[in-house]
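Okay, start11.csv is below, CSV, N, CA and C atoms:
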chain,number,residue,atom,x,y,z
A,1,MET,N,81.8,-1.2,343.6
A,1,MET,CA,80.6,-1.2,342.8
A,1,MET,C,80.4,0.1,342.1
A,2,ARG,N,80.6,1.2,342.7
A,2,ARG,CA,80.5,2.5,342.1
A,2,ARG,C,81.4,2.6,340.9
A,3,GLY,N,82.6,2.1,341.1
A,3,GLY,CA,83.6,2.2,340.0
A,3,GLY,C,83.2,1.4,338.8
A,4,MET,N,82.5,0.3,339.0
A,4,MET,CA,82.0,-0.5,337.9
A,4,MET,C,80.9,0.2,337.2
A,5,LEU,N,80.0,0.8,337.9
A,5,LEU,CA,78.9,1.6,337.4
A,5,LEU,C,79.4,2.8,336.6
A,6,LEU,N,80.4,3.5,337.1
A,6,LEU,CA,80.9,4.6,336.4
A,6,LEU,C,81.6,4.1,335.1
A,7,ALA,N,82.3,3.0,335.1
A,7,ALA,CA,83.0,2.5,333.9
A,7,ALA,C,82.0,2.1,332.9
A,8,GLN,N,80.9,1.5,333.3
A,8,GLN,CA,79.8,1.1,332.4
A,8,GLN,C,79.1,2.4,331.8
A,9,THR,N,78.9,3.4,332.6
A,9,THR,CA,78.3,4.6,332.1
A,9,THR,C,79.2,5.3,331.1
A,10,LEU,N,80.5,5.4,331.4
A,10,LEU,CA,81.4,6.0,330.5
A,10,LEU,C,81.5,5.2,329.2
A,11,SER,N,81.5,3.9,329.3
A,11,SER,CA,81.6,3.0,328.1
A,11,SER,C,80.3,3.3,327.2
A,12,THR,N,79.2,3.4,327.8
A,12,THR,CA,77.9,3.6,327.1
A,12,THR,C,78.0,5.0,326.5
A,13,LEU,N,78.4,6.0,327.1
A,13,LEU,CA,78.5,7.3,326.6
A,13,LEU,C,79.5,7.3,325.4
A,14,HIS,N,80.6,6.7,325.5
A,14,HIS,CA,81.6,6.6,324.4
A,14,HIS,C,81.0,5.9,323.2
A,15,PHE,N,80.3,4.8,323.4
A,15,PHE,CA,79.6,4.1,322.3
A,15,PHE,C,78.6,5.0,321.7
A,16,SER,N,77.8,5.8,322.5
A,16,SER,CA,76.8,6.7,322.0
A,16,SER,C,77.4,7.8,321.1
A,17,VAL,N,78.5,8.3,321.5
A,17,VAL,CA,79.2,9.4,320.8
A,17,VAL,C,79.7,8.8,319.4
A,18,LEU,N,80.3,7.6,319.5
A,18,LEU,CA,80.8,7.0,318.3
A,18,LEU,C,79.6,6.6,317.3
A,19,ALA,N,78.5,6.1,317.8
A,19,ALA,CA,77.4,5.8,317.0
A,19,ALA,C,76.8,7.1,316.3
A,20,ARG,N,76.8,8.1,317.1
A,20,ARG,CA,76.3,9.4,316.5
A,20,ARG,C,77.2,9.9,315.4
A,21,ARG,N,78.5,9.8,315.6
A,21,ARG,CA,79.4,10.2,314.6
A,21,ARG,C,79.3,9.4,313.3
A,22,GLN,N,79.1,8.1,313.5
A,22,GLN,CA,79.0,7.2,312.3
A,22,GLN,C,77.7,7.5,311.6
A,23,ALA,N,76.6,7.8,312.3
A,23,ALA,CA,75.3,8.1,311.7
A,23,ALA,C,75.4,9.4,311.0
A,24,THR,N,76.1,10.4,311.5
A,24,THR,CA,76.3,11.7,310.9
A,24,THR,C,77.1,11.5,309.6
A,25,ARG,N,78.2,10.7,309.6
A,25,ARG,CA,79.0,10.5,308.4
A,25,ARG,C,78.1,9.8,307.3
A,26,ALA,N,77.3,8.8,307.8
A,26,ALA,CA,76.5,8.1,306.8
A,26,ALA,C,75.5,9.0,306.2
A,27,ALA,N,74.9,9.9,307.0
A,27,ALA,CA,73.9,10.8,306.4
A,27,ALA,C,74.5,11.8,305.4
A,28,ILE,N,75.7,12.3,305.8
A,28,ILE,CA,76.4,13.2,304.9
A,28,ILE,C,76.7,12.5,303.6
A,29,SER,N,77.2,11.3,303.7
A,29,SER,CA,77.6,10.6,302.4
A,29,SER,C,76.4,10.3,301.6
A,30,CYS,N,75.2,10.1,302.2
A,30,CYS,CA,74.0,9.9,301.4
A,30,CYS,C,73.6,11.2,300.7
A,31,PHE,N,73.7,12.3,301.5
A,31,PHE,CA,73.3,13.6,300.9
A,31,PHE,C,74.3,14.0,299.7
A,32,LEU,N,75.5,13.5,299.8
A,32,LEU,CA,76.5,13.8,298.7
A,32,LEU,C,76.2,13.0,297.5
A,33,GLU,N,75.4,12.0,297.6
A,33,GLU,CA,75.0,11.2,296.4
A,33,GLU,C,73.9,12.0,295.6
A,34,LEU,N,73.3,13.0,296.1
A,34,LEU,CA,72.2,13.7,295.4
A,34,LEU,C,72.8,14.8,294.5
A,35,ALA,N,72.1,15.0,293.5
A,35,ALA,CA,72.5,16.2,292.6
A,35,ALA,C,72.4,17.4,293.4
A,36,PRO,N,73.2,18.5,293.1
A,36,PRO,CA,73.1,19.7,293.9
A,36,PRO,C,71.7,20.3,294.1
A,37,ALA,N,70.9,20.4,293.1
A,37,ALA,CA,69.6,20.9,293.3
A,37,ALA,C,68.7,20.0,294.2
A,38,GLN,N,68.8,18.7,294.0
A,38,GLN,CA,68.1,17.8,294.9
A,38,GLN,C,68.5,18.0,296.3
A,39,ARG,N,69.8,18.0,296.5
A,39,ARG,CA,70.4,18.1,297.9
A,39,ARG,C,69.9,19.4,298.5
A,40,ALA,N,69.9,20.5,297.8
A,40,ALA,CA,69.5,21.8,298.3
A,40,ALA,C,68.0,21.8,298.7
A,41,CYS,N,67.2,21.3,297.8
A,41,CYS,CA,65.8,21.2,298.0
A,41,CYS,C,65.4,20.4,299.2
A,42,VAL,N,66.0,19.2,299.3
A,42,VAL,CA,65.7,18.3,300.4
A,42,VAL,C,66.1,18.9,301.7
A,43,ILE,N,67.3,19.5,301.8
A,43,ILE,CA,67.7,20.1,303.0
A,43,ILE,C,66.9,21.3,303.4
A,44,LEU,N,66.6,22.2,302.4
A,44,LEU,CA,65.8,23.4,302.7
A,44,LEU,C,64.4,23.0,303.1
A,45,LYS,N,63.8,22.0,302.6
A,45,LYS,CA,62.5,21.6,302.9
A,45,LYS,C,62.4,20.8,304.2
A,46,ASP,N,63.3,19.9,304.4
A,46,ASP,CA,63.2,18.9,305.5
A,46,ASP,C,63.9,19.4,306.8
A,47,VAL,N,64.8,20.3,306.7
A,47,VAL,CA,65.5,20.8,307.9
A,47,VAL,C,64.8,22.0,308.5
A,48,PRO,N,64.9,23.2,307.8
A,48,PRO,CA,64.2,24.4,308.3
A,48,PRO,C,62.7,24.5,307.9
A,49,ASP,N,62.3,23.5,307.1
A,49,ASP,CA,60.9,23.5,306.7
A,49,ASP,C,60.4,24.7,305.9
A,50,HIS,N,61.3,25.1,304.9
A,50,HIS,CA,60.9,26.2,304.0
A,50,HIS,C,59.8,25.7,303.1
A,51,SER,N,59.0,26.6,302.6
A,51,SER,CA,57.9,26.3,301.7
A,51,SER,C,58.5,26.1,300.3
A,52,ILE,N,57.8,25.5,299.4
A,52,ILE,CA,58.2,25.2,298.0
A,52,ILE,C,58.5,26.6,297.4
A,53,ASP,N,57.7,27.6,297.6
A,53,ASP,CA,57.9,28.9,297.0
A,53,ASP,C,59.1,29.6,297.6
A,54,GLU,N,59.4,29.4,298.9
A,54,GLU,CA,60.6,30.0,299.4
A,54,GLU,C,61.9,29.4,298.8
A,55,ILE,N,61.8,28.0,298.7
A,55,ILE,CA,63.0,27.3,298.1
A,55,ILE,C,63.2,27.8,296.6
A,56,ALA,N,62.0,27.9,295.9
A,56,ALA,CA,62.1,28.3,294.5
A,56,ALA,C,62.8,29.7,294.4
A,57,VAL,N,62.4,30.6,295.2
A,57,VAL,CA,63.0,32.0,295.2
A,57,VAL,C,64.5,31.9,295.6
A,58,GLU,N,64.8,31.1,296.6
A,58,GLU,CA,66.2,31.0,297.1
A,58,GLU,C,67.1,30.4,296.0
A,59,LEU,N,66.6,29.4,295.3
A,59,LEU,CA,67.4,28.7,294.3
A,59,LEU,C,67.2,29.2,292.9
A,60,SER,N,66.4,30.2,292.7
A,60,SER,CA,66.1,30.7,291.4
A,60,SER,C,65.6,29.6,290.5
A,61,LEU,N,64.6,28.9,291.0
A,61,LEU,CA,64.0,27.8,290.3
A,61,LEU,C,62.5,28.0,290.3
A,62,GLY,N,61.8,27.4,289.4
A,62,GLY,CA,60.3,27.4,289.4
A,62,GLY,C,59.8,26.4,290.5
A,63,ALA,N,58.6,26.6,291.0
A,63,ALA,CA,58.1,25.7,291.9
A,63,ALA,C,58.0,24.3,291.4
A,64,PRO,N,57.6,24.1,290.1
A,64,PRO,CA,57.6,22.7,289.6
A,64,PRO,C,59.0,22.0,289.7
A,65,ALA,N,60.0,22.8,289.4
A,65,ALA,CA,61.4,22.3,289.4
A,65,ALA,C,61.8,21.9,290.8
A,66,VAL,N,61.4,22.7,291.8
A,66,VAL,CA,61.6,22.4,293.2
A,66,VAL,C,60.9,21.1,293.6
A,67,LYS,N,59.7,21.0,293.2
A,67,LYS,CA,58.9,19.8,293.6
A,67,LYS,C,59.5,18.5,293.0
A,68,ALA,N,60.0,18.7,291.7
A,68,ALA,CA,60.6,17.5,291.0
A,68,ALA,C,61.9,17.1,291.7
A,69,ALA,N,62.7,18.1,292.0
A,69,ALA,CA,64.0,17.9,292.7
A,69,ALA,C,63.8,17.3,294.1
A,70,LEU,N,62.8,17.8,294.8
A,70,LEU,CA,62.5,17.3,296.1
A,70,LEU,C,62.1,15.8,296.0
A,71,HIS,N,61.2,15.5,295.1
A,71,HIS,CA,60.7,14.1,294.9
A,71,HIS,C,61.8,13.2,294.5
A,72,ARG,N,62.6,13.6,293.5
A,72,ARG,CA,63.7,12.8,293.1
A,72,ARG,C,64.8,12.6,294.2
A,73,GLY,N,65.1,13.7,294.9
A,73,GLY,CA,66.1,13.6,296.0
A,73,GLY,C,65.6,12.6,297.1
A,74,ARG,N,64.4,12.7,297.5
A,74,ARG,CA,63.8,11.9,298.5
A,74,ARG,C,63.8,10.4,298.0
A,75,ALA,N,63.6,10.2,296.7
A,75,ALA,CA,63.6,8.8,296.2
A,75,ALA,C,65.0,8.2,296.3
A,76,VAL,N,66.0,9.0,295.9
A,76,VAL,CA,67.4,8.5,296.0
A,76,VAL,C,67.7,8.2,297.5
A,77,LEU,N,67.4,9.1,298.4
A,77,LEU,CA,67.7,8.8,299.8
A,77,LEU,C,66.9,7.6,300.3
A,78,GLN,N,65.7,7.3,299.8
A,78,GLN,CA,65.0,6.1,300.2
A,78,GLN,C,65.7,4.9,299.7
A,79,ARG,N,66.1,4.9,298.4
A,79,ARG,CA,66.9,3.8,297.9
A,79,ARG,C,68.2,3.5,298.7
A,80,LEU,N,68.8,4.6,299.0
A,80,LEU,CA,70.1,4.5,299.7
A,80,LEU,C,69.8,3.9,301.1
A,81,SER,N,68.8,4.3,301.8
A,81,SER,CA,68.5,3.8,303.1
A,81,SER,C,68.1,2.3,303.1
A,82,GLU,N,67.6,1.8,301.9
A,82,GLU,CA,67.3,0.4,301.7
A,82,GLU,C,68.5,-0.4,301.3
A,83,GLY,N,69.6,0.3,301.1
A,83,GLY,CA,70.9,-0.4,300.7
A,83,GLY,C,71.1,-0.5,299.3
A,84,SER,N,70.2,0.1,298.5
A,84,SER,CA,70.4,0.0,297.0
A,84,SER,C,71.4,1.1,296.6
A,85,PRO,N,72.2,0.8,295.6
A,85,PRO,CA,73.1,1.9,295.1
A,85,PRO,C,72.3,2.9,294.4
A,86,PRO,N,72.7,4.2,294.4
A,86,PRO,CA,72.0,5.2,293.6
A,86,PRO,C,72.1,4.9,292.1
A,87,SER,N,71.0,5.2,291.4
A,87,SER,CA,71.0,5.0,290.0
A,87,SER,C,71.6,6.2,289.3
A,88,ARG,N,72.7,6.0,288.7
A,88,ARG,CA,73.4,7.1,288.1
A,88,ARG,C,72.9,7.2,286.6
A,89,PRO,N,72.6,8.5,286.2
A,89,PRO,CA,72.2,8.6,284.8
A,89,PRO,C,73.4,8.2,283.9
A,90,GLN,N,73.1,7.5,282.8
A,90,GLN,CA,74.1,7.0,281.9
A,90,GLN,C,74.6,8.2,281.1
A,91,ARG,N,75.9,8.3,280.9
A,91,ARG,CA,76.5,9.4,280.1
A,91,ARG,C,76.2,9.1,278.7
A,92,SER,N,75.8,10.1,278.0
A,92,SER,CA,75.6,10.0,276.6
A,92,SER,C,76.9,9.8,275.9
A,93,PRO,N,76.9,9.0,274.8
A,93,PRO,CA,78.1,8.8,274.1
A,93,PRO,C,78.6,10.1,273.5
A,94,SER,N,79.9,10.2,273.3
A,94,SER,CA,80.5,11.4,272.6
A,94,SER,C,79.9,11.5,271.2
A,95,PRO,N,79.7,12.7,270.8
A,95,PRO,CA,79.2,12.9,269.4
A,95,PRO,C,80.3,12.4,268.4
A,96,SER,N,79.8,12.0,267.3
A,96,SER,CA,80.7,11.5,266.3
A,96,SER,C,81.6,12.6,265.8
A,97,PRO,N,82.8,12.3,265.3
A,97,PRO,CA,83.7,13.4,264.8
A,97,PRO,C,83.1,14.2,263.7
A,98,THR,N,82.2,13.5,262.9
A,98,THR,CA,81.5,14.2,261.8
A,98,THR,C,80.7,15.3,262.3
A,99,LEU,N,80.0,15.1,263.4
A,99,LEU,CA,79.1,16.2,264.0
A,99,LEU,C,79.9,17.3,264.6
A,100,LEU,N,81.1,17.0,265.0
A,100,LEU,CA,81.9,18.1,265.6
A,100,LEU,C,82.6,19.0,264.6
A,101,ARG,N,82.6,18.7,263.3
A,101,ARG,CA,83.2,19.5,262.3
A,101,ARG,C,82.4,20.7,262.0

Kindly return the structure encoded in the file as structure tokens.
Amino acid sequence: MRGMLLAQTLSTLHFSVLARRQATRAAISCFLELAPAQRACVILKDVPDHSIDEIAVELSLGAPAVKAALHRGRAVLQRLSEGSPPSRPQRSPSPSPTLLR
């Protein structure tokens, strides 16, 4: 009976470790979908809980830019958590050769 309980406990621990690893990979892949400024702002605000002003100084941005990046980054993460693909900005077409002269 003890052997069965030990086997079940080990199986549960193994599953827990695998689930944690998968969750970590999923979170990292979501953060990598963010633009660099958005990623930095979200992480600095939500992990160590830096103030908007502290983040602005650290990233050499204005407070309004930090707030915008934070808002946009959180919106992308929310869409990703709902299973929606991130909305990528469309690339502007190449300028005409006439403009390049």

Shell around region 71-79 of chain A at 12 Å using only C-alpha atoms, local window under 2 positions removed, as a ChimeraX atom specification: /A:26-46,52,64-69,81-88

For CA of Leu80 (chain A) and CA of Gln22 (chain A), the interatomic separation in Å (one decimal):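 Answer for the CA of Leu80 (chain A) to CA of Gln22 (chain A) separation: 15.7 Å.
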
Distance in Å - CA of Leu18 (chain A) versus atom N of Val47 (chain A):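 Atom-to-atom, CA of Leu18 (chain A) to atom N of Val47 (chain A), that is 23.8 Å.
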
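Going from atom N of Pro48 (chain A) to atom C of Ser16 (chain A) covers 23.9 Å.
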